[in-house]
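The block underneath contains the structure these notes are about, expressed in structure tokens.
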Number of protein chains: 4
Amino acid sequence: MPRRQRERLQRRRDIFRAAERVFAEKAYHGASIEEIARLAEYGTGTVYLYFKDKETLYVELFAEKVGELYAHVRSRVGAEKDPITALRRLIQARTEFFDQNREFFQIYMREGMDWWWLKSDRWAGVRNLYDSYIDLVTRLIRRGQRRGSLRGGDSRHYAIALAGMMMQLTRDWLERKTGRPLTDSAAIVAELFLQGAQVKK
Amino acid sequence: MPRRQRERLQRRRDIFRAAERVFAEKAYHGASIEEIARLAEYGTGTVYLYFKDKETLYVELFAEKVGELYAHVRSRVGAEKDPITALRRLIQARTEFFDQNREFFQIYMREGMDWWWLKSDRWAGVRNLYDSYIDLVTRLIRRGQRRGSLRGGDSRHYAIALAGMMMQLTRDWLERKTGRPLTDSAAIVAELFLQGAQVKK
Amino acid sequence: MPRRQRERLQRRRDIFRAAERVFAEKAYHGASIEEIARLAEYGTGTVYLYFKDKETLYVELFAEKVGELYAHVRSRVGAEKDPITALRRLIQARTEFFDQNREFFQIYMREGMDWWWLKSDRWAGVRNLYDSYIDLVTRLIRRGQRRGSLRGGDSRHYAIALAGMMMQLTRDWLERKTGRPLTDSAAIVAELFLQGAQVKK
Amino acid sequence: MPRRQRERLQRRRDIFRAAERVFAEKAYHGASIEEIARLAEYGTGTVYLYFKDKETLYVELFAEKVGELYAHVRSRVGAEKDPITALRRLIQARTEFFDQNREFFQIYMREGMDWWWLKSDRWAGVRNLYDSYIDLVTRLIRRGQRRGSLRGGDSRHYAIALAGMMMQLTRDWLERKTGRPLTDSAAIVAELFLQGAQVKK
DNA sequence: TATGAATGAGAGTTCATTCAT
DNA sequence: CATGAATGAACTCTCATTCAT
């Protein structure tokens with residue numbers, strides 16, 4: 001890759017990095033382009049050389065990171081045949097990813113809530129990414145159901161419930177900042193989701 | 001209660017009602033005081049006679065509604081001795097409440113996701129209410145654990161996971177707008193939380 | 001008219017007056033809303049209570065003043081039957097109007113040049129006003145031609161030429177700021193347009 | 001001329017050419033240096049090697065073109081003794097020039113309309129050129145008056161009126177984009193200016 | 001007490017100009 | 001010399017808050 005293009009990509013990353021931090025801390029509306037630029041150590045105008053406007057910066061940042069999450073999870077789940085093992089790996093992978101991407105997690109979680117009534121076309125792409133992640137989980141669950149290792153019922157609801165458990169546990173972990181690694185909670189999630197909380201008689 | 005005070009309370013409620021709708025639809029930053037006032041059929045300035053500022057209005061609205069949720073859940077769980085039954089009732093009660101308070105759910109959900117400003121002192125009240133709800137669930141779970149009907153482990157994590165499941169399923173229900181009542185999902189949640197997804201051998 | 005509405009109209013006029021001066025001096029792009037507001041002795045935001053945006057303020061100001069010009073000219077030309085006399089009155093009336101509306105003249109002249117390649121729909125209304133003024137002149141000339149008192153030829157071209165003469169003479173008068181009233185030039189225009197510059201043999 | 005200087009002049013001309021097109025289309029404020037540079041196929045910074053700033057570029061472009069117009073008209077009018085013929089030639093020459101320089105006409109016209117900034121010293125050069133062109137016409141007219149072939153009166157006003165007629169007719173021609181050549185209007189202008197619109201009895 | 005017009009701080013965005021390469 | 005990325009001042013516009021009525 002030519003130097004020019006490399007540098008351009010580097011600056012883009014610098015701005016992404018700063019934007020991630022500021023958006024994570026202040027949320028979309030609370031974040032100002034000037035603050036992002038200052039944190040990235042660029043001038044305000046520079047941000048606009050790399051992103052058309054604030055919304056584009058946000059959407060592209062989101063898309064990029066969700067793409068990474070998705071890729072990471074897929075690579076960990078891989079070609080695992082057993083759906084139960086695959087689910088455990090998925091939970092583990094997601095947990096690792098957010099352990100490494102705490103700032104992004106805050107954005108991810110927030111948008112998990114917010115975007116869907118922003119019907120704007122700008123968000124359609126992001127929306128699809130998010131959905132395809134949920135779909136990945138759904139497909140795994142359905143496979144488990146067909147194999148008879150998972151209980152019947154709406155597989156999509158199971159996927160959503162699983163996502164919800166993970167999300168809130170991650171949020172709690174981030175908020176509390178105990179020393180323990182997030183990955184501890186992967187085990188809890190897997191057991192709870194698979195076995196339930198009730199003691200079998 | 002003297003008429004003056006009664007009227008004052010009525011106006012407060014009117015504004016709450018309007019604020020709830022606008023905050024639900026547009027989120028905190030997207031909502032404008034003027035829109036809330038217009039919807040409540042008061043002048044903009046009037047809002048400031050009842051609430052110091054926008055943030056106060058939001059926090060107090062949140063506190064009020066979380067208080068209602070909390071009261072509703074407590075009343076349904078009541079003095080039920082069996083923790084499993086109590087949990088089922090809790091899930092049912094929460095579901096009913098949000099079925100009746102869809103607008104508030106959108107606000108509640110956002111706060112469940114977006115905690116950064118909870119750090120500020122202004123939001124301490126909201127924070128405490130939110131926590132006290134989690135604490136209620138936690139205590140129920142702990143009781144179940146002591147009785148041996150629930151599996152051991154961090155009871156708080158269980159409570160959080162349960163809350164997460166419910167939250168995401170509710171969000172999905174709201175987003176999809178199928179005709180089905182939200183309470184359908186109460187059963188899914190209860191079974192999944194108690195029995196898990198995996199088929200017992 | 002109720003007091004409220006009267007006051008509203010008054011403020012609108014205040015802003016128009018200030019906008020007229022600033023637009024006249026600095027042209028559309030050089031004028032800033034803040035300067036207009038300051039001159040009108042209002043806050044910046046106030047301007048936006050009366051006009052949706054800068055372009056609207058400009059267009060409405062323009063439309064209002066062209067409307068006045070048009071009304072003034074029509075009222076002076078009246079039902080005059082003789083086209084030659086009517087033309088003299090028209091020239092006189094236009095001259096009077098700009099003598100009283102020097103600032104607007106600068107805007108009028110500028111836009112006589114500029115707007116027509118701004119194809120934006122926002123300008124369509126203004127454009128029509130301007131055209132209908134030219135049409136008024138054109139119709140007078142055509143009447144003169146039919147009566148045999150004016151030379152044949154494209155009446156619209158005559159109208160445009162007449163407008164051009166008046167415009168540049170007015171501009172010169174404004175620029176030079178001699179003590180003489182603009183209306184002096186009305187006679188020059190009328191004679192030149194009607195008799196031409198050449199001595200008849 | 002040494003190669004260096006030749007190249008320098010060539011680049012200057014390239015930029016002028018591009019600037020002419022962009023200023024014509026978008027007017028001074030709407031034109032951006034970057035667009036001009038791009039059209040001229042140079043880097044943005046390069047423009048600043050040849051012109052101190054945007055204003056200088058504009059003024060020098062204007063001066064250059066008005067100089068050309070002036071030279072063209074002088075060359076056509078030449079040593080013609082008869083003032084009436086000279087005026088006809090002048091009208092013809094101006095018409096030809098703008099027929100060949102439509103883009104510049106748009107710029108010229110705007111300045112003919114918009115003189116406020118001519119007050120500033122920066123624009124003195126433009127101002128003088130513009131005046132010197134009017135002076136040329138004025139002198140011709142005065143000669144006609146002395147010879148008794150043109151009617152008495154303020155010769156400068158006649159010159160300005162003549163310029164106004166031509167300007168508006170040219171503008172109309174440009175706006176309407178009929179197929180007809182602009183030079184058609186030269187005859188109209190000459191007859192109207194010399195004979196007037198009124199039928200002689 | 002209720003009002004809503006007025007305010008101005010602060011946001012996003014553009015672009016003439018500079019300067020390291 | 002030529003470049004074009006970087007800059008930041010300046011612009012338009014919004015909206016929480018105030019205050020005269």
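Ligands are numbered from 1 in the order shown, chains are lettered A, B, ... in the order of the structure tokens, and residues start at 1 in each chain.
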Tell me, how big is the Cα RMSD between chain D and chain A, fit done by least squares on all Cα paired in order?
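Between these identical-sequence chains, the C-alpha RMSD is 0.8 Å.
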If the cut-off is 12 Å, can you tell me the residues of chain F near chain B, counting only C-alpha atoms (C1' of nucleotides)? I'd like them as a PyMOL selection string.
chain F and resi 14-19
Enter the distance from CA of Arg146 (chain C) to CA of Ile188 (chain D), in Å, rounded to one decimal.
18.9 Å
Chain A residues near chain B (7 Å cut-off, only C-alpha atoms) as a list in words
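Here they are: Glu25, His29, Met109, Arg110, Met113, Ser149, Leu150, Arg151, His157, Ile160, Ala161, Leu162, Gly164, Met165, Met167, Gln168, Leu169, Leu192, Phe193, Leu194, Gln195, Gly196, Ala197, Gln198 and Val199 of chain A.
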Polymer residues at most 12 Å from DA9 (chain F), only C-alpha atoms (C1' of nucleotides), same-chain spacing of 3 or more positions, as a ChimeraX atom specification
/A:43-45 /E:14-17
Interface, chain E side, toward chain C (12 Å; only C-alpha atoms (C1' of nucleotides)) as a PyMOL selection string:
chain E and resi 4-9
For DA20 (chain E), please output as a list in words all residues within 12 Å (counting only C-alpha atoms (C1' of nucleotides); exclusion window: fewer than 3 positions along the same chain).
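Here the qualifying residues turn out to be DT3, DG4, DA5 and DA6 of chain F.
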Limited to N, CA and C atoms (P, O5', C5', C4', C3', O3' and C1' of nucleotides), could you put the picked residues into a file as a PDB file, in the first residue's frame?
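What ended up in again_34.pdb:
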```
ATOM      1  P    DT F   3       0.695  21.053  -8.653  1.00  0.00           P
ATOM      2  O5'  DT F   3       0.611  20.503  -7.188  1.00  0.00           O
ATOM      3  C5'  DT F   3       0.997  19.137  -6.943  1.00  0.00           C
ATOM      4  C4'  DT F   3       0.866  18.864  -5.479  1.00  0.00           C
ATOM      5  C3'  DT F   3      -0.560  18.930  -4.954  1.00  0.00           C
ATOM      6  O3'  DT F   3      -1.023  17.606  -4.867  1.00  0.00           O
ATOM      7  C1'  DT F   3       1.045  19.841  -3.432  1.00  0.00           C
ATOM      8  P    DG F   4      -2.471  17.203  -5.293  1.00  0.00           P
ATOM      9  O5'  DG F   4      -3.076  16.937  -3.852  1.00  0.00           O
ATOM     10  C5'  DG F   4      -2.318  16.208  -2.883  1.00  0.00           C
ATOM     11  C4'  DG F   4      -2.765  16.624  -1.491  1.00  0.00           C
ATOM     12  C3'  DG F   4      -4.271  16.910  -1.370  1.00  0.00           C
ATOM     13  O3'  DG F   4      -4.685  16.589  -0.046  1.00  0.00           O
ATOM     14  C1'  DG F   4      -3.119  18.793  -0.740  1.00  0.00           C
ATOM     15  P    DA F   5      -5.324  15.299   0.312  1.00  0.00           P
ATOM     16  O5'  DA F   5      -4.923  15.172   1.842  1.00  0.00           O
ATOM     17  C5'  DA F   5      -3.577  14.859   2.182  1.00  0.00           C
ATOM     18  C4'  DA F   5      -3.247  15.459   3.536  1.00  0.00           C
ATOM     19  C3'  DA F   5      -4.355  15.352   4.575  1.00  0.00           C
ATOM     20  O3'  DA F   5      -3.710  15.140   5.816  1.00  0.00           O
ATOM     21  C1'  DA F   5      -3.906  17.648   4.149  1.00  0.00           C
ATOM     22  P    DA F   6      -4.567  15.132   7.146  1.00  0.00           P
ATOM     23  O5'  DA F   6      -4.398  16.626   7.660  1.00  0.00           O
ATOM     24  C5'  DA F   6      -3.097  17.055   8.087  1.00  0.00           C
ATOM     25  C4'  DA F   6      -3.223  18.421   8.720  1.00  0.00           C
ATOM     26  C3'  DA F   6      -4.308  18.533   9.797  1.00  0.00           C
ATOM     27  O3'  DA F   6      -3.702  19.081  10.957  1.00  0.00           O
ATOM     28  C1'  DA F   6      -4.573  20.234   8.143  1.00  0.00           C
TER      29       DA F   6
END
```
Find the residues near Glu60 (chain B): any atom within 9 Å, counting only C-alpha atoms (C1' of nucleotides), skip ones fewer than 2 places away on the same chain, and give them as a PDB file with C-alpha atoms, in the first residue's frame.
```pdb
ATOM      1  CA  PHE B  16     -45.113  13.885  33.717  1.00  0.00           C
ATOM      2  CA  PHE B  51     -39.270  21.255  37.729  1.00  0.00           C
ATOM      3  CA  GLU B  55     -32.628  16.948  33.960  1.00  0.00           C
ATOM      4  CA  THR B  56     -34.703  17.195  37.131  1.00  0.00           C
ATOM      5  CA  LEU B  57     -37.881  16.528  35.201  1.00  0.00           C
ATOM      6  CA  TYR B  58     -36.335  13.464  33.673  1.00  0.00           C
ATOM      7  CA  PHE B  62     -37.908   8.124  36.136  1.00  0.00           C
ATOM      8  CA  ALA B  63     -37.951   7.838  39.913  1.00  0.00           C
ATOM      9  CA  GLU B  64     -41.719   8.032  40.029  1.00  0.00           C
ATOM     10  CA  LYS B  65     -42.222   5.326  37.460  1.00  0.00           C
ATOM     11  CA  GLY B 125     -31.677   8.721  42.992  1.00  0.00           C
ATOM     12  CA  VAL B 126     -32.334   6.908  39.748  1.00  0.00           C
TER      13      VAL B 126
END
```
Which of these, B:Arg89, B:Val66, B:Asn101, B:Ser75, has the shortest distance to Leu129 (chain B) once you count only C-alpha atoms?
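Checking each of B:Arg89, B:Val66, B:Asn101, B:Ser75 against Leu129 (chain B), counting only C-alpha atoms, the winner is B:Val66.
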Pick from D:His72, D:Thr178, D:Glu96, D:Thr183, whichever lies nearest to Tyr133 (chain D) using only C-alpha atoms:
D:His72
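One finds CA of Leu90 (chain A) at 15.3 Å from CA of Tyr130 (chain A).
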Using DSSP on the backbone, list every residue of region 3-190 of chain B that comes out as alpha helix (DSSP H), and give them as a PDB file with C-alpha atoms, in the first residue's frame.
```pdb
ATOM      1  CA  ARG B   3     -57.206  22.774  46.516  1.00  0.00           C
ATOM      2  CA  ARG B   4     -53.994  24.608  45.786  1.00  0.00           C
ATOM      3  CA  GLN B   5     -51.890  21.613  46.514  1.00  0.00           C
ATOM      4  CA  ARG B   6     -54.230  19.313  44.636  1.00  0.00           C
ATOM      5  CA  GLU B   7     -54.018  21.469  41.571  1.00  0.00           C
ATOM      6  CA  ARG B   8     -50.294  21.636  41.826  1.00  0.00           C
ATOM      7  CA  LEU B   9     -50.077  17.860  41.926  1.00  0.00           C
ATOM      8  CA  GLN B  10     -52.408  17.579  38.972  1.00  0.00           C
ATOM      9  CA  ARG B  11     -50.270  19.854  36.840  1.00  0.00           C
ATOM     10  CA  ARG B  12     -47.201  17.909  37.837  1.00  0.00           C
ATOM     11  CA  ARG B  13     -48.885  14.742  36.696  1.00  0.00           C
ATOM     12  CA  ASP B  14     -49.951  16.338  33.418  1.00  0.00           C
ATOM     13  CA  ILE B  15     -46.390  17.301  32.719  1.00  0.00           C
ATOM     14  CA  PHE B  16     -45.113  13.885  33.717  1.00  0.00           C
ATOM     15  CA  ARG B  17     -47.545  12.267  31.349  1.00  0.00           C
ATOM     16  CA  ALA B  18     -46.450  14.429  28.445  1.00  0.00           C
ATOM     17  CA  ALA B  19     -42.786  14.089  29.320  1.00  0.00           C
ATOM     18  CA  GLU B  20     -43.117  10.345  29.399  1.00  0.00           C
ATOM     19  CA  ARG B  21     -44.447  10.271  25.891  1.00  0.00           C
ATOM     20  CA  VAL B  22     -41.908  12.653  24.464  1.00  0.00           C
ATOM     21  CA  PHE B  23     -38.911  11.160  26.248  1.00  0.00           C
ATOM     22  CA  ALA B  24     -40.051   7.708  25.167  1.00  0.00           C
ATOM     23  CA  GLU B  25     -40.258   8.693  21.561  1.00  0.00           C
ATOM     24  CA  LYS B  26     -37.251  10.967  21.214  1.00  0.00           C
ATOM     25  CA  ALA B  27     -34.935  10.051  24.106  1.00  0.00           C
ATOM     26  CA  TYR B  28     -33.526  12.601  26.493  1.00  0.00           C
ATOM     27  CA  HIS B  29     -31.555  14.681  24.041  1.00  0.00           C
ATOM     28  CA  GLY B  30     -34.094  14.564  21.283  1.00  0.00           C
ATOM     29  CA  ILE B  33     -39.115  21.155  26.831  1.00  0.00           C
ATOM     30  CA  GLU B  34     -41.258  23.091  24.446  1.00  0.00           C
ATOM     31  CA  GLU B  35     -42.648  19.938  22.905  1.00  0.00           C
ATOM     32  CA  ILE B  36     -43.415  18.504  26.311  1.00  0.00           C
ATOM     33  CA  ALA B  37     -45.142  21.702  27.375  1.00  0.00           C
ATOM     34  CA  ARG B  38     -47.165  21.843  24.192  1.00  0.00           C
ATOM     35  CA  LEU B  39     -48.283  18.260  24.570  1.00  0.00           C
ATOM     36  CA  ALA B  40     -49.260  18.895  28.177  1.00  0.00           C
ATOM     37  CA  THR B  44     -43.010  26.459  28.273  1.00  0.00           C
ATOM     38  CA  GLY B  45     -42.291  28.559  31.325  1.00  0.00           C
ATOM     39  CA  THR B  46     -44.832  26.640  33.365  1.00  0.00           C
ATOM     40  CA  VAL B  47     -42.760  23.501  33.215  1.00  0.00           C
ATOM     41  CA  TYR B  48     -40.055  25.380  35.064  1.00  0.00           C
ATOM     42  CA  LEU B  49     -42.429  26.216  37.858  1.00  0.00           C
ATOM     43  CA  TYR B  50     -42.745  22.518  38.580  1.00  0.00           C
ATOM     44  CA  LYS B  54     -34.884  19.349  32.131  1.00  0.00           C
ATOM     45  CA  GLU B  55     -32.628  16.948  33.960  1.00  0.00           C
ATOM     46  CA  THR B  56     -34.703  17.195  37.131  1.00  0.00           C
ATOM     47  CA  LEU B  57     -37.881  16.528  35.201  1.00  0.00           C
ATOM     48  CA  TYR B  58     -36.335  13.464  33.673  1.00  0.00           C
ATOM     49  CA  VAL B  59     -34.910  12.117  36.923  1.00  0.00           C
ATOM     50  CA  GLU B  60     -38.100  12.681  38.851  1.00  0.00           C
ATOM     51  CA  LEU B  61     -40.200  11.099  36.161  1.00  0.00           C
ATOM     52  CA  PHE B  62     -37.908   8.124  36.136  1.00  0.00           C
ATOM     53  CA  ALA B  63     -37.951   7.838  39.913  1.00  0.00           C
ATOM     54  CA  GLU B  64     -41.719   8.032  40.029  1.00  0.00           C
ATOM     55  CA  LYS B  65     -42.222   5.326  37.460  1.00  0.00           C
ATOM     56  CA  VAL B  66     -39.579   3.019  38.816  1.00  0.00           C
ATOM     57  CA  GLY B  67     -41.258   3.470  42.164  1.00  0.00           C
ATOM     58  CA  GLU B  68     -44.535   2.344  40.633  1.00  0.00           C
ATOM     59  CA  LEU B  69     -42.897  -0.648  39.004  1.00  0.00           C
ATOM     60  CA  TYR B  70     -41.283  -1.557  42.262  1.00  0.00           C
ATOM     61  CA  ALA B  71     -44.540  -1.242  44.193  1.00  0.00           C
ATOM     62  CA  HIS B  72     -46.401  -3.251  41.595  1.00  0.00           C
ATOM     63  CA  VAL B  73     -43.896  -6.052  41.688  1.00  0.00           C
ATOM     64  CA  ARG B  74     -43.775  -6.109  45.491  1.00  0.00           C
ATOM     65  CA  SER B  75     -47.522  -6.222  45.707  1.00  0.00           C
ATOM     66  CA  ARG B  76     -47.677  -9.201  43.361  1.00  0.00           C
ATOM     67  CA  VAL B  77     -44.853 -11.093  44.962  1.00  0.00           C
ATOM     68  CA  PRO B  83     -39.040 -18.488  46.128  1.00  0.00           C
ATOM     69  CA  ILE B  84     -39.701 -20.227  42.828  1.00  0.00           C
ATOM     70  CA  THR B  85     -43.322 -19.163  42.823  1.00  0.00           C
ATOM     71  CA  ALA B  86     -42.258 -15.717  43.968  1.00  0.00           C
ATOM     72  CA  LEU B  87     -39.885 -15.451  41.036  1.00  0.00           C
ATOM     73  CA  ARG B  88     -42.578 -16.508  38.629  1.00  0.00           C
ATOM     74  CA  ARG B  89     -44.856 -13.895  40.072  1.00  0.00           C
ATOM     75  CA  LEU B  90     -42.148 -11.289  39.827  1.00  0.00           C
ATOM     76  CA  ILE B  91     -41.563 -12.048  36.179  1.00  0.00           C
ATOM     77  CA  GLN B  92     -45.286 -11.962  35.558  1.00  0.00           C
ATOM     78  CA  ALA B  93     -45.718  -8.699  37.412  1.00  0.00           C
ATOM     79  CA  ARG B  94     -42.886  -6.960  35.623  1.00  0.00           C
ATOM     80  CA  THR B  95     -44.271  -8.118  32.330  1.00  0.00           C
ATOM     81  CA  GLU B  96     -47.737  -6.847  33.152  1.00  0.00           C
ATOM     82  CA  PHE B  97     -46.358  -3.529  34.238  1.00  0.00           C
ATOM     83  CA  PHE B  98     -44.501  -2.881  31.025  1.00  0.00           C
ATOM     84  CA  ASP B  99     -47.401  -4.166  28.986  1.00  0.00           C
ATOM     85  CA  GLN B 100     -49.333  -1.302  30.558  1.00  0.00           C
ATOM     86  CA  ARG B 102     -44.875   0.821  27.078  1.00  0.00           C
ATOM     87  CA  GLU B 103     -43.730   4.368  26.888  1.00  0.00           C
ATOM     88  CA  PHE B 104     -42.006   4.194  30.191  1.00  0.00           C
ATOM     89  CA  PHE B 105     -40.356   0.955  29.183  1.00  0.00           C
ATOM     90  CA  GLN B 106     -38.488   2.733  26.439  1.00  0.00           C
ATOM     91  CA  ILE B 107     -37.110   5.193  28.944  1.00  0.00           C
ATOM     92  CA  TYR B 108     -36.339   2.514  31.494  1.00  0.00           C
ATOM     93  CA  MET B 109     -34.570   0.418  28.921  1.00  0.00           C
ATOM     94  CA  ARG B 110     -32.372   3.257  27.831  1.00  0.00           C
ATOM     95  CA  GLU B 111     -31.278   3.887  31.382  1.00  0.00           C
ATOM     96  CA  GLY B 112     -30.671   0.206  31.837  1.00  0.00           C
ATOM     97  CA  MET B 113     -28.231   0.528  28.995  1.00  0.00           C
ATOM     98  CA  ALA B 124     -27.971   9.053  42.294  1.00  0.00           C
ATOM     99  CA  GLY B 125     -31.677   8.721  42.992  1.00  0.00           C
ATOM    100  CA  VAL B 126     -32.334   6.908  39.748  1.00  0.00           C
ATOM    101  CA  ARG B 127     -29.360   4.757  40.348  1.00  0.00           C
ATOM    102  CA  ASN B 128     -30.530   3.760  43.775  1.00  0.00           C
ATOM    103  CA  LEU B 129     -33.992   2.888  42.585  1.00  0.00           C
ATOM    104  CA  TYR B 130     -32.621   0.835  39.788  1.00  0.00           C
ATOM    105  CA  ASP B 131     -30.365  -0.964  42.212  1.00  0.00           C
ATOM    106  CA  SER B 132     -33.087  -1.503  44.737  1.00  0.00           C
ATOM    107  CA  TYR B 133     -35.105  -3.312  42.105  1.00  0.00           C
ATOM    108  CA  ILE B 134     -32.182  -5.538  41.318  1.00  0.00           C
ATOM    109  CA  ASP B 135     -31.741  -6.059  45.049  1.00  0.00           C
ATOM    110  CA  LEU B 136     -35.304  -7.281  45.364  1.00  0.00           C
ATOM    111  CA  VAL B 137     -34.684  -9.915  42.740  1.00  0.00           C
ATOM    112  CA  THR B 138     -31.354 -10.767  44.274  1.00  0.00           C
ATOM    113  CA  ARG B 139     -32.938 -11.370  47.664  1.00  0.00           C
ATOM    114  CA  LEU B 140     -35.540 -13.661  46.152  1.00  0.00           C
ATOM    115  CA  ILE B 141     -32.884 -15.660  44.422  1.00  0.00           C
ATOM    116  CA  ARG B 142     -30.782 -15.887  47.533  1.00  0.00           C
ATOM    117  CA  ARG B 143     -33.743 -17.216  49.397  1.00  0.00           C
ATOM    118  CA  GLY B 144     -34.212 -19.844  46.726  1.00  0.00           C
ATOM    119  CA  GLN B 145     -30.572 -20.782  47.017  1.00  0.00           C
ATOM    120  CA  ARG B 146     -30.784 -21.106  50.780  1.00  0.00           C
ATOM    121  CA  ARG B 147     -33.806 -23.316  50.436  1.00  0.00           C
ATOM    122  CA  SER B 155     -27.166 -14.406  43.278  1.00  0.00           C
ATOM    123  CA  ARG B 156     -26.696 -10.877  42.062  1.00  0.00           C
ATOM    124  CA  HIS B 157     -25.392 -12.120  38.763  1.00  0.00           C
ATOM    125  CA  TYR B 158     -28.437 -14.319  38.435  1.00  0.00           C
ATOM    126  CA  ALA B 159     -30.679 -11.355  39.101  1.00  0.00           C
ATOM    127  CA  ILE B 160     -28.890  -9.278  36.513  1.00  0.00           C
ATOM    128  CA  ALA B 161     -29.041 -12.033  33.945  1.00  0.00           C
ATOM    129  CA  LEU B 162     -32.741 -12.433  34.557  1.00  0.00           C
ATOM    130  CA  ALA B 163     -33.294  -8.705  34.185  1.00  0.00           C
ATOM    131  CA  GLY B 164     -31.305  -8.748  30.962  1.00  0.00           C
ATOM    132  CA  MET B 165     -33.363 -11.534  29.467  1.00  0.00           C
ATOM    133  CA  MET B 166     -36.570  -9.764  30.293  1.00  0.00           C
ATOM    134  CA  MET B 167     -35.339  -6.473  28.991  1.00  0.00           C
ATOM    135  CA  GLN B 168     -34.272  -7.750  25.608  1.00  0.00           C
ATOM    136  CA  LEU B 169     -37.371  -9.835  25.120  1.00  0.00           C
ATOM    137  CA  THR B 170     -39.529  -6.857  25.981  1.00  0.00           C
ATOM    138  CA  ARG B 171     -37.577  -4.685  23.584  1.00  0.00           C
ATOM    139  CA  ASP B 172     -38.020  -7.241  20.838  1.00  0.00           C
ATOM    140  CA  TRP B 173     -41.712  -7.463  21.520  1.00  0.00           C
ATOM    141  CA  LEU B 174     -42.060  -3.690  21.374  1.00  0.00           C
ATOM    142  CA  GLU B 175     -40.024  -3.481  18.205  1.00  0.00           C
ATOM    143  CA  ARG B 176     -41.873  -6.237  16.369  1.00  0.00           C
ATOM    144  CA  THR B 183     -47.248 -11.526  28.913  1.00  0.00           C
ATOM    145  CA  ASP B 184     -46.689 -14.443  26.550  1.00  0.00           C
ATOM    146  CA  SER B 185     -43.014 -13.880  26.988  1.00  0.00           C
ATOM    147  CA  ALA B 186     -43.284 -14.164  30.758  1.00  0.00           C
ATOM    148  CA  ALA B 187     -43.593 -17.917  30.429  1.00  0.00           C
ATOM    149  CA  ILE B 188     -40.587 -18.146  28.132  1.00  0.00           C
ATOM    150  CA  VAL B 189     -38.509 -16.130  30.523  1.00  0.00           C
ATOM    151  CA  ALA B 190     -39.522 -18.113  33.555  1.00  0.00           C
TER     152      ALA B 190
END
```
